[in-house]
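Reviewing the structure listed below.
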Amino acid sequence: MGWSRFLAVGALCLGLTACATSPTGRQQLTLYSDEQLNQMGQQAFAQYQSDLPQAGGTAQRYAECVAGALVAALPERVRHQNWQIRVFDEASVNAFALPGGYMGVHSGLLKVAQTPDQLAAVVGHEIGHVLASHANERASTQSVTQLGLSVLQSSAGIESQQVLGLMGAGAQYGILLPFSRRHESEADIIGLGLMADAGFDPRASLALWDNMRAASGGQPPAWLSTHPSHAQRLAALQAEMGPALARYERARQAGRVPNCQAPR
């Protein structure tokens with residue numbers, strides 16, 4: 001019992017001393033250093049490039065154009081990070097960003113994100129995950145959750161695998177998945193503002209998610225999903241569209257008019 005109390009106190013101390021604030025002002029638990037996460041991001045990106053062929057050519061130049069315009073609109077403190085993007089020859093509709101600024105787009109996404117503005121909505125969303133340290137928060141939350149379950153198991157002398165399974169399910173649906181949905185929603189809002197600041201029309205984000213809905217078919221219930229439902233996502237974007245359009249107009253007046261040509 002003594003060691004479990006010690007671990008519980010240790011977990012509480014971690015929670016109190018490893019807090020950060022996201023770009024939207026939300027409190028976060030971040031236990032890992034940027035250096036640790038960036039190294040993991042670099043390793044994962046290298047593995048990704050080893051596992052999948054790269055598209056290259058016009059698709060690569062197109063993605064670089066869109067990503068470059070978005071990065072140019074970032075605050076100076078993060079603009080000079082080693083941002084890079086690759087287009088992978090993969091039919092699935094997917095994109096990702098890893099700690100350290102390593103981004104990937106699957107060629108299948110270019111059939112759904114049909115314009116530069118729509119692609120900017122996707123890439124801006126992925127950059128939003130990096131800016132908000134979501135990978136750090138997700139890993140930290142999972143570590144603390146696993147520690148908490150171990151402490152409860154030891155303290156209560158729980159032996160039943162069924163009860164342990166229910167405890168795990170409660171953590172999954174009550175903590176880990178909601179965090180992921182929160183991250184996705186937060187990345188949407190950060191990406192919306194970023195694409196507007198870069199001179200991409202934020203209204204394209206609505207068309208993009210309509211395209212996504214058409215391409216994805218059925219979805220699991222929102223409470224069992226790692227992403228918000230399409231309706232939730234569109235409603236949140238609509239709620240932020242007024243300020244985003246104002247930022248877009250200021251960017252255009254400042255001469256930020258990206259000229260990226262989608263591959264034919």
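Residue names in the structure tokens use chain letters A, B, ... in the order shown, residue numbers from 1 in each chain, and ligand numbers from 1 in the order shown.
Close contacts of segment 210-213 of chain A, defined as residues with an atom at most 8 Å away when counting only C-alpha atoms, with chain neighbours fewer than 6 positions off set aside, comprise A:Val112, A:Ala113, A:His230.
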Hey, can you spit out that residue selection with N, CA and C atoms as a PDB file, in the first residue's frame?
```pdb
ATOM      1  N   VAL A 112      -9.412  14.765 -52.519  1.00  0.00           N
ATOM      2  CA  VAL A 112     -10.483  15.264 -51.654  1.00  0.00           C
ATOM      3  C   VAL A 112     -10.281  16.742 -51.347  1.00  0.00           C
ATOM      4  N   ALA A 113      -9.057  17.124 -51.019  1.00  0.00           N
ATOM      5  CA  ALA A 113      -8.708  18.537 -50.865  1.00  0.00           C
ATOM      6  C   ALA A 113      -8.386  19.072 -52.260  1.00  0.00           C
ATOM      7  N   HIS A 230     -18.636  15.113 -38.244  1.00  0.00           N
ATOM      8  CA  HIS A 230     -18.596  16.160 -39.264  1.00  0.00           C
ATOM      9  C   HIS A 230     -19.479  17.337 -38.871  1.00  0.00           C
TER      10      HIS A 230
END
```
Shell of 12 Å around Pro263 of chain A, only C-alpha atoms, local chain residues under 3 positions omitted, as a ChimeraX atom specification: /A:55-63,65,107,110-111,113-116,260
From a DSSP pass on the backbone, collect the residues of segment 58-134 of chain A flagged as helix (DSSP H, G or I) and hand them back as a PyMOL selection string. chain A and resi 58-72+76-79+107-111+116-131+134
